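Source file start29.pdb; content: PDB, C-alpha atoms, pLDDT in the B column.
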ATOM      1  CA  MET W   1       4.261  44.632  -0.237  1.00 87.00           C
ATOM      2  CA  THR W   2       6.853  45.638  -2.823  1.00 94.00           C
ATOM      3  CA  ALA W   3       8.694  43.111  -4.967  1.00 95.00           C
ATOM      4  CA  ARG W   4      11.873  43.711  -2.959  1.00 95.00           C
ATOM      5  CA  GLU W   5      10.072  43.176   0.346  1.00 97.00           C
ATOM      6  CA  ARG W   6       8.481  39.988  -0.964  1.00 97.00           C
ATOM      7  CA  VAL W   7      11.832  38.638  -2.158  1.00 98.00           C
ATOM      8  CA  LEU W   8      13.468  39.285   1.199  1.00 97.00           C
ATOM      9  CA  LYS W   9      10.633  37.482   2.993  1.00 98.00           C
ATOM     10  CA  LEU W  10      10.907  34.578   0.549  1.00 98.00           C
ATOM     11  CA  VAL W  11      14.660  34.377   1.132  1.00 98.00           C
ATOM     12  CA  ARG W  12      13.893  33.773   4.800  1.00 98.00           C
ATOM     13  CA  ALA W  13      10.933  31.437   4.273  1.00 98.00           C
ATOM     14  CA  LEU W  14      12.021  29.183   1.408  1.00 98.00           C
ATOM     15  CA  PRO W  15      15.106  27.645   3.065  1.00 98.00           C
ATOM     16  CA  GLU W  16      12.877  26.609   5.960  1.00 98.00           C
ATOM     17  CA  VAL W  17      10.545  24.851   3.539  1.00 98.00           C
ATOM     18  CA  TYR W  18      13.336  23.353   1.410  1.00 98.00           C
ATOM     19  CA  PRO W  19      16.439  23.125   3.628  1.00 97.00           C
ATOM     20  CA  ASN W  20      18.001  20.495   1.368  1.00 97.00           C
ATOM     21  CA  ALA W  21      17.266  22.124  -1.977  1.00 97.00           C
ATOM     22  CA  HIS W  22      20.021  21.419  -4.483  1.00 97.00           C
ATOM     23  CA  CYS W  23      20.694  20.763  -8.148  1.00 97.00           C
ATOM     24  CA  GLU W  24      18.928  17.500  -8.964  1.00 97.00           C
ATOM     25  CA  LEU W  25      21.230  16.554 -11.817  1.00 98.00           C
ATOM     26  CA  ASP W  26      23.715  13.877 -10.766  1.00 98.00           C
ATOM     27  CA  PHE W  27      27.357  14.847 -11.276  1.00 98.00           C
ATOM     28  CA  ARG W  28      30.797  14.427  -9.719  1.00 98.00           C
ATOM     29  CA  ASN W  29      32.769  17.207 -11.407  1.00 98.00           C
ATOM     30  CA  PRO W  30      32.296  20.349 -13.551  1.00 98.00           C
ATOM     31  CA  LEU W  31      32.541  18.435 -16.852  1.00 98.00           C
ATOM     32  CA  GLU W  32      29.807  16.000 -15.869  1.00 98.00           C
ATOM     33  CA  LEU W  33      27.553  18.859 -14.769  1.00 98.00           C
ATOM     34  CA  LEU W  34      28.189  20.754 -18.003  1.00 98.00           C
ATOM     35  CA  VAL W  35      27.217  17.723 -20.085  1.00 98.00           C
ATOM     36  CA  ALA W  36      24.205  16.904 -17.891  1.00 98.00           C
ATOM     37  CA  THR W  37      22.957  20.481 -18.107  1.00 98.00           C
ATOM     38  CA  ILE W  38      23.195  20.465 -21.902  1.00 98.00           C
ATOM     39  CA  LEU W  39      21.197  17.226 -21.901  1.00 98.00           C
ATOM     40  CA  SER W  40      18.554  18.695 -19.577  1.00 97.00           C
ATOM     41  CA  ALA W  41      17.219  21.104 -22.199  1.00 94.00           C
ATOM     42  CA  GLN W  42      13.578  20.158 -22.877  1.00 93.00           C
ATOM     43  CA  CYS W  43      14.085  17.071 -20.713  1.00 95.00           C
ATOM     44  CA  THR W  44      13.498  16.095 -17.094  1.00 95.00           C
ATOM     45  CA  ASP W  45      16.360  15.726 -14.642  1.00 96.00           C
ATOM     46  CA  LYS W  46      15.102  12.213 -13.927  1.00 96.00           C
ATOM     47  CA  ARG W  47      15.559  11.178 -17.552  1.00 97.00           C
ATOM     48  CA  VAL W  48      19.000  12.801 -17.738  1.00 98.00           C
ATOM     49  CA  ASN W  49      20.055  10.987 -14.563  1.00 98.00           C
ATOM     50  CA  ALA W  50      18.962   7.693 -16.119  1.00 98.00           C
ATOM     51  CA  VAL W  51      21.192   8.313 -19.141  1.00 98.00           C
ATOM     52  CA  THR W  52      24.341   9.802 -17.616  1.00 98.00           C
ATOM     53  CA  PRO W  53      25.744   6.791 -15.688  1.00 98.00           C
ATOM     54  CA  ALA W  54      26.525   4.967 -18.949  1.00 97.00           C
ATOM     55  CA  LEU W  55      27.606   8.204 -20.607  1.00 98.00           C
ATOM     56  CA  PHE W  56      29.974   9.218 -17.810  1.00 98.00           C
ATOM     57  CA  ALA W  57      31.436   5.714 -17.646  1.00 97.00           C
ATOM     58  CA  LYS W  58      32.306   5.825 -21.358  1.00 97.00           C
ATOM     59  CA  TYR W  59      33.494   9.432 -21.609  1.00 98.00           C
ATOM     60  CA  ARG W  60      35.610  10.649 -18.693  1.00 97.00           C
ATOM     61  CA  THR W  61      37.446  13.685 -20.089  1.00 98.00           C
ATOM     62  CA  ALA W  62      36.692  16.577 -22.381  1.00 98.00           C
ATOM     63  CA  ALA W  63      38.996  14.964 -24.947  1.00 98.00           C
ATOM     64  CA  ASP W  64      36.898  11.779 -24.823  1.00 98.00           C
ATOM     65  CA  TYR W  65      33.790  13.719 -25.798  1.00 98.00           C
ATOM     66  CA  ALA W  66      35.652  15.767 -28.399  1.00 97.00           C
ATOM     67  CA  LYS W  67      36.845  12.586 -30.120  1.00 96.00           C
ATOM     68  CA  ALA W  68      33.563  10.718 -29.720  1.00 96.00           C
ATOM     69  CA  SER W  69      31.726   9.311 -32.704  1.00 96.00           C
ATOM     70  CA  PRO W  70      28.597  11.442 -33.159  1.00 97.00           C
ATOM     71  CA  ALA W  71      26.549   8.334 -33.938  1.00 97.00           C
ATOM     72  CA  THR W  72      27.648   6.585 -30.738  1.00 97.00           C
ATOM     73  CA  LEU W  73      27.014   9.661 -28.591  1.00 97.00           C
ATOM     74  CA  GLU W  74      23.606  10.197 -30.198  1.00 97.00           C
ATOM     75  CA  LYS W  75      22.627   6.612 -29.449  1.00 97.00           C
ATOM     76  CA  ILE W  76      23.455   6.943 -25.747  1.00 98.00           C
ATOM     77  CA  ILE W  77      21.619  10.244 -25.248  1.00 98.00           C
ATOM     78  CA  ARG W  78      18.746   9.632 -27.682  1.00 98.00           C
ATOM     79  CA  SER W  79      16.060   9.344 -24.990  1.00 98.00           C
ATOM     80  CA  THR W  80      16.769  12.890 -23.742  1.00 98.00           C
ATOM     81  CA  GLY W  81      15.363  14.331 -26.974  1.00 96.00           C
ATOM     82  CA  PHE W  82      16.944  16.686 -29.509  1.00 97.00           C
ATOM     83  CA  PHE W  83      19.880  14.271 -29.422  1.00 97.00           C
ATOM     84  CA  ARG W  84      21.519  15.518 -32.616  1.00 97.00           C
ATOM     85  CA  SER W  85      21.690  19.144 -31.527  1.00 97.00           C
ATOM     86  CA  LYS W  86      22.775  18.094 -28.014  1.00 98.00           C
ATOM     87  CA  THR W  87      25.535  15.936 -29.482  1.00 98.00           C
ATOM     88  CA  LYS W  88      26.696  18.906 -31.539  1.00 97.00           C
ATOM     89  CA  SER W  89      26.696  21.150 -28.443  1.00 97.00           C
ATOM     90  CA  ILE W  90      28.577  18.637 -26.290  1.00 98.00           C
ATOM     91  CA  ARG W  91      31.220  17.991 -28.922  1.00 97.00           C
ATOM     92  CA  GLY W  92      31.583  21.693 -29.743  1.00 97.00           C
ATOM     93  CA  ALA W  93      31.946  22.700 -26.092  1.00 98.00           C
ATOM     94  CA  THR W  94      34.417  19.950 -25.242  1.00 98.00           C
ATOM     95  CA  ARG W  95      36.538  20.613 -28.338  1.00 98.00           C
ATOM     96  CA  ALA W  96      36.853  24.230 -27.230  1.00 98.00           C
ATOM     97  CA  ILE W  97      37.663  23.127 -23.671  1.00 98.00           C
ATOM     98  CA  VAL W  98      40.481  20.958 -25.016  1.00 98.00           C
ATOM     99  CA  ALA W  99      41.779  23.534 -27.490  1.00 98.00           C
ATOM    100  CA  GLU W 100      41.437  26.692 -25.407  1.00 97.00           C
ATOM    101  CA  HIS W 101      41.339  25.669 -21.737  1.00 98.00           C
ATOM    102  CA  GLY W 102      43.752  22.775 -21.369  1.00 97.00           C
ATOM    103  CA  GLY W 103      40.965  20.231 -21.082  1.00 97.00           C
ATOM    104  CA  ARG W 104      39.484  21.837 -17.960  1.00 98.00           C
ATOM    105  CA  VAL W 105      36.034  23.397 -17.755  1.00 98.00           C
ATOM    106  CA  PRO W 106      36.540  27.152 -17.280  1.00 98.00           C
ATOM    107  CA  ASP W 107      35.162  28.792 -14.153  1.00 97.00           C
ATOM    108  CA  THR W 108      34.126  32.253 -15.328  1.00 97.00           C
ATOM    109  CA  MET W 109      30.930  33.402 -17.011  1.00 96.00           C
ATOM    110  CA  GLU W 110      32.818  34.948 -19.926  1.00 96.00           C
ATOM    111  CA  LYS W 111      34.745  31.777 -20.745  1.00 97.00           C
ATOM    112  CA  LEU W 112      31.897  29.350 -20.110  1.00 97.00           C
ATOM    113  CA  HIS W 113      29.385  31.380 -22.092  1.00 94.00           C
ATOM    114  CA  GLY W 114      31.993  31.587 -24.853  1.00 95.00           C
ATOM    115  CA  LEU W 115      31.929  27.815 -25.381  1.00 97.00           C
ATOM    116  CA  PRO W 116      29.921  26.628 -28.406  1.00 95.00           C
ATOM    117  CA  GLY W 117      26.485  25.431 -27.355  1.00 92.00           C
ATOM    118  CA  VAL W 118      26.719  26.882 -23.841  1.00 96.00           C
ATOM    119  CA  GLY W 119      24.175  29.576 -23.029  1.00 94.00           C
ATOM    120  CA  ARG W 120      23.975  31.778 -19.973  1.00 95.00           C
ATOM    121  CA  LYS W 121      21.582  29.421 -18.164  1.00 95.00           C
ATOM    122  CA  THR W 122      23.948  26.462 -18.565  1.00 97.00           C
ATOM    123  CA  ALA W 123      26.897  28.596 -17.496  1.00 97.00           C
ATOM    124  CA  ASN W 124      25.019  29.698 -14.371  1.00 97.00           C
ATOM    125  CA  VAL W 125      24.220  26.093 -13.460  1.00 98.00           C
ATOM    126  CA  VAL W 126      27.872  25.057 -13.741  1.00 98.00           C
ATOM    127  CA  LEU W 127      29.259  28.122 -11.979  1.00 98.00           C
ATOM    128  CA  GLY W 128      26.828  27.968  -9.081  1.00 98.00           C
ATOM    129  CA  ASN W 129      26.826  24.226  -8.467  1.00 98.00           C
ATOM    130  CA  ALA W 130      30.233  22.951  -9.589  1.00 98.00           C
ATOM    131  CA  PHE W 131      32.332  26.003  -8.713  1.00 98.00           C
ATOM    132  CA  HIS W 132      30.114  27.553  -6.001  1.00 97.00           C
ATOM    133  CA  LYS W 133      30.266  30.951  -7.673  1.00 97.00           C
ATOM    134  CA  ASP W 134      27.236  33.252  -7.672  1.00 96.00           C
ATOM    135  CA  GLU W 135      27.681  35.077 -10.960  1.00 94.00           C
ATOM    136  CA  GLY W 136      24.056  34.928 -12.058  1.00 96.00           C
ATOM    137  CA  ILE W 137      20.678  33.289 -11.478  1.00 97.00           C
ATOM    138  CA  VAL W 138      19.464  30.213 -13.343  1.00 97.00           C
ATOM    139  CA  VAL W 139      16.185  31.053 -15.065  1.00 97.00           C
ATOM    140  CA  ASP W 140      14.288  27.974 -16.221  1.00 95.00           C
ATOM    141  CA  THR W 141      10.570  27.408 -16.776  1.00 95.00           C
ATOM    142  CA  HIS W 142       9.883  27.026 -13.049  1.00 96.00           C
ATOM    143  CA  VAL W 143      11.757  30.213 -12.155  1.00 97.00           C
ATOM    144  CA  ILE W 144       9.940  32.112 -14.904  1.00 97.00           C
ATOM    145  CA  ARG W 145       6.528  30.831 -13.784  1.00 97.00           C
ATOM    146  CA  LEU W 146       7.058  31.537 -10.097  1.00 97.00           C
ATOM    147  CA  SER W 147       8.647  34.942 -10.722  1.00 97.00           C
ATOM    148  CA  HIS W 148       5.439  35.944 -12.481  1.00 97.00           C
ATOM    149  CA  ARG W 149       3.173  34.416  -9.835  1.00 97.00           C
ATOM    150  CA  PHE W 150       5.094  36.177  -7.079  1.00 97.00           C
ATOM    151  CA  LYS W 151       4.867  39.360  -9.194  1.00 96.00           C
ATOM    152  CA  ILE W 152       8.595  39.924  -8.965  1.00 95.00           C
ATOM    153  CA  THR W 153       8.974  40.756 -12.657  1.00 95.00           C
ATOM    154  CA  ARG W 154       6.863  41.567 -15.672  1.00 94.00           C
ATOM    155  CA  GLN W 155       9.533  40.492 -18.136  1.00 96.00           C
ATOM    156  CA  THR W 156       9.087  37.402 -20.300  1.00 94.00           C
ATOM    157  CA  ASP W 157      12.608  37.094 -21.716  1.00 96.00           C
ATOM    158  CA  ALA W 158      14.818  34.851 -19.540  1.00 95.00           C
ATOM    159  CA  GLU W 159      17.835  37.174 -19.517  1.00 94.00           C
ATOM    160  CA  LYS W 160      15.674  40.193 -18.638  1.00 97.00           C
ATOM    161  CA  ILE W 161      14.033  38.207 -15.837  1.00 97.00           C
ATOM    162  CA  GLU W 162      17.492  37.300 -14.568  1.00 97.00           C
ATOM    163  CA  GLN W 163      18.494  40.960 -14.529  1.00 97.00           C
ATOM    164  CA  ASP W 164      15.391  41.843 -12.494  1.00 97.00           C
ATOM    165  CA  LEU W 165      16.069  39.025 -10.035  1.00 98.00           C
ATOM    166  CA  MET W 166      19.730  39.971  -9.631  1.00 97.00           C
ATOM    167  CA  LYS W 167      18.611  43.446  -8.525  1.00 97.00           C
ATOM    168  CA  LEU W 168      16.283  42.026  -5.868  1.00 97.00           C
ATOM    169  CA  VAL W 169      17.830  38.801  -4.561  1.00 98.00           C
ATOM    170  CA  PRO W 170      20.919  39.183  -2.320  1.00 97.00           C
ATOM    171  CA  LYS W 171      23.929  37.876  -4.265  1.00 97.00           C
ATOM    172  CA  GLU W 172      24.845  35.226  -1.711  1.00 96.00           C
ATOM    173  CA  HIS W 173      21.478  33.560  -2.433  1.00 97.00           C
ATOM    174  CA  TRP W 174      21.585  33.623  -6.243  1.00 98.00           C
ATOM    175  CA  THR W 175      22.327  29.917  -6.688  1.00 97.00           C
ATOM    176  CA  ASN W 176      19.980  28.796  -3.920  1.00 98.00           C
ATOM    177  CA  TRP W 177      17.207  31.092  -5.137  1.00 98.00           C
ATOM    178  CA  SER W 178      16.922  29.011  -8.300  1.00 97.00           C
ATOM    179  CA  HIS W 179      16.984  25.769  -6.304  1.00 98.00           C
ATOM    180  CA  TRP W 180      14.203  27.005  -4.002  1.00 98.00           C
ATOM    181  CA  LEU W 181      11.951  28.130  -6.845  1.00 98.00           C
ATOM    182  CA  ILE W 182      12.604  25.005  -8.918  1.00 97.00           C
ATOM    183  CA  TRP W 183      11.842  22.742  -5.951  1.00 98.00           C
ATOM    184  CA  HIS W 184       8.686  24.720  -5.148  1.00 98.00           C
ATOM    185  CA  GLY W 185       7.631  24.619  -8.788  1.00 97.00           C
ATOM    186  CA  ARG W 186       8.063  20.855  -8.909  1.00 96.00           C
ATOM    187  CA  ARG W 187       6.419  20.146  -5.563  1.00 96.00           C
ATOM    188  CA  ARG W 188       3.726  22.775  -5.029  1.00 97.00           C
ATOM    189  CA  CYS W 189       3.430  25.535  -7.628  1.00 97.00           C
ATOM    190  CA  PHE W 190       2.629  23.385 -10.647  1.00 97.00           C
ATOM    191  CA  ALA W 191       2.095  24.941 -14.064  1.00 95.00           C
ATOM    192  CA  ARG W 192      -1.486  23.647 -14.088  1.00 93.00           C
ATOM    193  CA  LYS W 193      -3.515  23.493 -10.901  1.00 95.00           C
ATOM    194  CA  PRO W 194      -0.968  24.696  -8.304  1.00 97.00           C
ATOM    195  CA  ASP W 195      -1.387  23.256  -4.818  1.00 97.00           C
ATOM    196  CA  CYS W 196      -2.255  26.587  -3.207  1.00 97.00           C
ATOM    197  CA  ARG W 197      -4.120  25.013  -0.295  1.00 95.00           C
ATOM    198  CA  GLY W 198      -1.041  23.018   0.689  1.00 96.00           C
ATOM    199  CA  CYS W 199       1.421  25.833   0.010  1.00 97.00           C
ATOM    200  CA  GLU W 200       3.761  26.652   2.885  1.00 97.00           C
ATOM    201  CA  ILE W 201       4.347  30.195   1.596  1.00 97.00           C
ATOM    202  CA  PHE W 202       0.783  30.965   0.540  1.00 97.00           C
ATOM    203  CA  ASP W 203       0.750  34.229   2.521  1.00 96.00           C
ATOM    204  CA  LEU W 204       3.666  35.561   0.458  1.00 97.00           C
ATOM    205  CA  CYS W 205       2.074  34.792  -2.914  1.00 97.00           C
ATOM    206  CA  PRO W 206      -0.176  37.453  -4.457  1.00 95.00           C
ATOM    207  CA  SER W 207      -1.551  34.895  -6.945  1.00 96.00           C
ATOM    208  CA  GLY W 208      -2.679  32.167  -4.540  1.00 96.00           C
ATOM    209  CA  LYS W 209      -5.999  33.647  -3.495  1.00 95.00           C
ATOM    210  CA  VAL W 210      -6.793  34.447  -7.119  1.00 95.00           C
ATOM    211  CA  PHE W 211      -6.112  30.846  -8.170  1.00 96.00           C
ATOM    212  CA  ILE W 212      -8.348  29.490  -5.404  1.00 95.00           C
ATOM    213  CA  ARG W 213     -11.142  31.948  -6.198  1.00 95.00           C
ATOM    214  CA  THR W 214     -11.055  31.190  -9.918  1.00 94.00           C
ATOM    215  CA  GLY W 215     -10.733  27.437  -9.480  1.00 93.00           C
ATOM    216  CA  GLU W 216      -7.272  27.306 -11.024  1.00 92.00           C
ATOM    217  CA  ALA W 217      -5.786  25.788  -7.867  1.00 93.00           C
ATOM    218  CA  LEU W 218      -6.130  22.168  -6.797  1.00 90.00           C
ATOM    219  CA  SER W 219      -9.317  21.386  -4.902  1.00 76.00           C
ATOM    220  CA  ALA W 220      -8.965  20.169  -1.338  1.00 63.00           C
ATOM    221  CA  LYS W 221      -9.572  16.544  -2.416  1.00 54.00           C
ATOM    222  CA  ALA W 222      -7.766  16.580  -5.751  1.00 50.00           C
ATOM    223  CA  PRO W 223      -4.557  14.530  -5.943  1.00 47.00           C
ATOM    224  CA  ALA W 224      -1.386  16.493  -6.586  1.00 48.00           C
ATOM    225  CA  PRO W 225       0.074  16.005 -10.071  1.00 48.00           C
ATOM    226  CA  GLU W 226       3.479  14.405 -10.446  1.00 44.00           C
ATOM    227  CA  SER W 227       6.407  16.828 -10.213  1.00 41.00           C
TER     228      SER W 227
END

Have the structure of the file written as C-alpha cells, please.
Amino acid sequence: MTARERVLKLVRALPEVYPNAHCELDFRNPLELLVATILSAQCTDKRVNAVTPALFAKYRTAADYAKASPATLEKIIRSTGFFRSKTKSIRGATRAIVAEHGGRVPDTMEKLHGLPGVGRKTANVVLGNAFHKDEGIVVDTHVIRLSHRFKITRQTDAEKIEQDLMKLVPKEHWTNWSHWLIWHGRRRCFARKPDCRGCEIFDLCPSGKVFIRTGEALSAKAPAPES
C-alpha cells in the first residue's frame, strides 16, 4: 500500500472511529482560541482549559490583553509553564491585532502568521477551528508520531511534514485530519506502549505488528496509560 492509498483509507476509517473529534481547547471566539493555543505550547489542553475561564473573564478583547500588566497575566497563566514567554507572545500578538487589524483576529495565514509570537501551527489551529478555513494542517507531537508510524512521511521537521501531508490528504479534511490523529494519539497510539491490540485501525498501520512482535505495544492485560 502506498502512502497515498493509506491516507485515503484512513480518511474513510478515522471519522468512523472518532465521529466527534474536535479541538479540545475551550473557546468561544477566535481571540480566545488564539490565546488558548499560545498557552497550549508544552502544556496539556486540560491544564489550559483549567486556566482560561479566569483569564477569559478578565480579558475580553485584544485591547485588554495588550494593556494587561505582564505580572498579572503571568500570575494567571503560570501553571501552563513558560509563562513569561507566553505572556510576551500574547501581548505582542494582541498589540498587533489592535494596531494593524482593528482589534479583530485576522483570518488569513499571511496575517495570522505575521503576528508576533504566532507560528504556523497556531495559525492553522485558529484558521481551521475558529474560521473553518482549511489553509494548512496542524502538526503537533501526536501528528508527527502517527505520521511516522503510518509511514506517511520520513520528514522530521514540522513544516516539511505538513507539506507532505498537504500533498496526500484531501484539502477538505485538513482540519479534521489533525483532530483524528490527535485523538488517536491520545486514546490509542501512545508515545510509549501504544495500544495496538485495541486499535480500531490496526490493519492500516504498518507499525502495529512490529510493535507487538518486539513487545513495544501494550500487553493484553496491561492497563492503558492516561491520555

Counting all atoms listed in the file, what is within 7 Å of Tyr65 in chain W, bar same-chain residues fewer than 5 positions away, as a PyMOL selection string?
-> chain W and resi 59+91+94

Report the residues retrieved by the PyMOL selection byres ((chain W and resi 111) around 12) from the displayed file, expressed as an mmCIF file with C-alpha atoms, keeping the file's coordinate frame.
data_model
loop_
_atom_site.group_PDB
_atom_site.id
_atom_site.type_symbol
_atom_site.label_atom_id
_atom_site.label_comp_id
_atom_site.auth_asym_id
_atom_site.auth_seq_id
_atom_site.Cartn_x
_atom_site.Cartn_y
_atom_site.Cartn_z
ATOM 1 C CA ALA W 93 31.946 22.700 -26.092
ATOM 2 C CA ALA W 96 36.853 24.230 -27.230
ATOM 3 C CA ILE W 97 37.663 23.127 -23.671
ATOM 4 C CA GLU W 100 41.437 26.692 -25.407
ATOM 5 C CA HIS W 101 41.339 25.669 -21.737
ATOM 6 C CA ARG W 104 39.484 21.837 -17.960
ATOM 7 C CA VAL W 105 36.034 23.397 -17.755
ATOM 8 C CA PRO W 106 36.540 27.152 -17.280
ATOM 9 C CA ASP W 107 35.162 28.792 -14.153
ATOM 10 C CA THR W 108 34.126 32.253 -15.328
ATOM 11 C CA MET W 109 30.930 33.402 -17.011
ATOM 12 C CA GLU W 110 32.818 34.948 -19.926
ATOM 13 C CA LEU W 112 31.897 29.350 -20.110
ATOM 14 C CA HIS W 113 29.385 31.380 -22.092
ATOM 15 C CA GLY W 114 31.993 31.587 -24.853
ATOM 16 C CA LEU W 115 31.929 27.815 -25.381
ATOM 17 C CA PRO W 116 29.921 26.628 -28.406
ATOM 18 C CA VAL W 118 26.719 26.882 -23.841
ATOM 19 C CA GLY W 119 24.175 29.576 -23.029
ATOM 20 C CA ARG W 120 23.975 31.778 -19.973
ATOM 21 C CA ALA W 123 26.897 28.596 -17.496
ATOM 22 C CA ASN W 124 25.019 29.698 -14.371
ATOM 23 C CA VAL W 126 27.872 25.057 -13.741
ATOM 24 C CA LEU W 127 29.259 28.122 -11.979
#

Residues matched by the PyMOL selection byres ((chain W and resi 30) around 8) as a list in words |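 Selected by the PyMOL selection byres ((chain W and resi 30) around 8) here: Phe27, Arg28, Asn29, Leu31, Glu32, Leu33, Leu34, Val105, Val126, Ala130 and Phe131 of chain W.
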
Applied to the shown file, which residues does the PyMOL selection byres ((chain W and resi 138-143) around 7) return, written as a compact mmCIF listing (two decimals) with C-alpha atoms, in the frame of the given file?
# COMPACT_ATOMS: atom_id res chain seq x y z
CA LYS W 121 21.58 29.42 -18.16
CA ASN W 124 25.02 29.70 -14.37
CA VAL W 125 24.22 26.09 -13.46
CA GLY W 136 24.06 34.93 -12.06
CA ILE W 137 20.68 33.29 -11.48
CA ILE W 144 9.94 32.11 -14.90
CA ARG W 145 6.53 30.83 -13.78
CA LEU W 146 7.06 31.54 -10.10
CA SER W 147 8.65 34.94 -10.72
CA ALA W 158 14.82 34.85 -19.54
CA GLU W 162 17.49 37.30 -14.57
CA SER W 178 16.92 29.01 -8.30
CA LEU W 181 11.95 28.13 -6.84
CA ILE W 182 12.60 25.00 -8.92
CA GLY W 185 7.63 24.62 -8.79

So what do you get for CA of Ala63 in chain W versus CA of Asn49 in chain W, distance-wise?
->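 These atoms are spaced 22.0 Å apart.
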
Would you please work out which residue, of W:Thr37, W:Ser207, W:Asn176, W:Ser79, is nearest to Phe150 in chain W when using only C-alpha atoms?
->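 Of all the options, W:Ser207 lies closest to Phe150 in chain W.
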
Rank W:Thr80, W:Thr153, W:Thr72, W:Thr61 by their smallest atom-to-atom distance to Gly103 in chain W, using all atoms listed in the file, and report the top residue only.
-> W:Thr61

Give me, please, the distance in Å between CA of Cys196 in chain W and CA of Gly208 in chain W, quoted to one decimal.
-> 5.8 Å

Interatomic distance, CA of Arg84 in chain W to CA of Ala71 in chain W (Å, one decimal) =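 Between these atoms lies a distance of 8.9 Å.
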
Find the nearest atom pair between each residue of range 105-219 of chain W and range 17-22 of chain W for residues within 10 Å, count all atoms listed in the file, give distances in Å to one decimal, sort rows by chain and ascending number, and present the table as a tab-separated table.
residue	atom	partner	partner_atom	distance
W:Asn129	CA	W:His22	CA	8.4
W:Thr175	CA	W:His22	CA	9.1
W:Asn176	CA	W:His22	CA	7.4
W:Trp177	CA	W:Ala21	CA	9.5
W:Ser178	CA	W:His22	CA	9.0
W:His179	CA	W:His22	CA	5.6
W:Trp180	CA	W:Ala21	CA	6.1
W:Leu181	CA	W:Ala21	CA	9.4
W:Ile182	CA	W:Ala21	CA	8.8
W:Trp183	CA	W:Ala21	CA	6.8
W:His184	CA	W:Tyr18	CA	8.2
W:Cys199	CA	W:Val17	CA	9.8
W:Glu200	CA	W:Val17	CA	7.0
W:Ile201	CA	W:Val17	CA	8.4

Write out as a compact mmCIF listing (two decimals) with C-alpha atoms, keeping the file's coordinate frame which residues come within 10 Å of Ile77 in chain W when counting all atoms listed in the file, dropping same-chain ones fewer than 2 positions away.
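Result went into out-v8.txt, see below:
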# COMPACT_ATOMS: atom_id res chain seq x y z
CA LEU W 39 21.20 17.23 -21.90
CA ARG W 47 15.56 11.18 -17.55
CA VAL W 48 19.00 12.80 -17.74
CA ALA W 50 18.96 7.69 -16.12
CA VAL W 51 21.19 8.31 -19.14
CA THR W 52 24.34 9.80 -17.62
CA ALA W 54 26.52 4.97 -18.95
CA LEU W 55 27.61 8.20 -20.61
CA THR W 72 27.65 6.58 -30.74
CA LEU W 73 27.01 9.66 -28.59
CA GLU W 74 23.61 10.20 -30.20
CA LYS W 75 22.63 6.61 -29.45
CA SER W 79 16.06 9.34 -24.99
CA THR W 80 16.77 12.89 -23.74
CA GLY W 81 15.36 14.33 -26.97
CA PHE W 82 16.94 16.69 -29.51
CA PHE W 83 19.88 14.27 -29.42
CA ARG W 84 21.52 15.52 -32.62
CA LYS W 86 22.78 18.09 -28.01
CA THR W 87 25.54 15.94 -29.48

Minimum-distance residue to His132 in chain W, chosen among W:Arg78, W:Trp174, W:Thr44, W:Pro15 (using only C-alpha atoms) |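 Residue with the minimum atom-to-atom distance to His132 in chain W: W:Trp174.
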
Using 8 Å of padding on each side, determine the axis-aligned box around all atoms of range 105-120 of chain W present in the file and give its centre and edge lengths in Å to one decimal, as JSON.
{"center_x": 30.3, "center_y": 29.2, "center_z": -21.3, "size_x": 28.6, "size_y": 27.6, "size_z": 30.3}
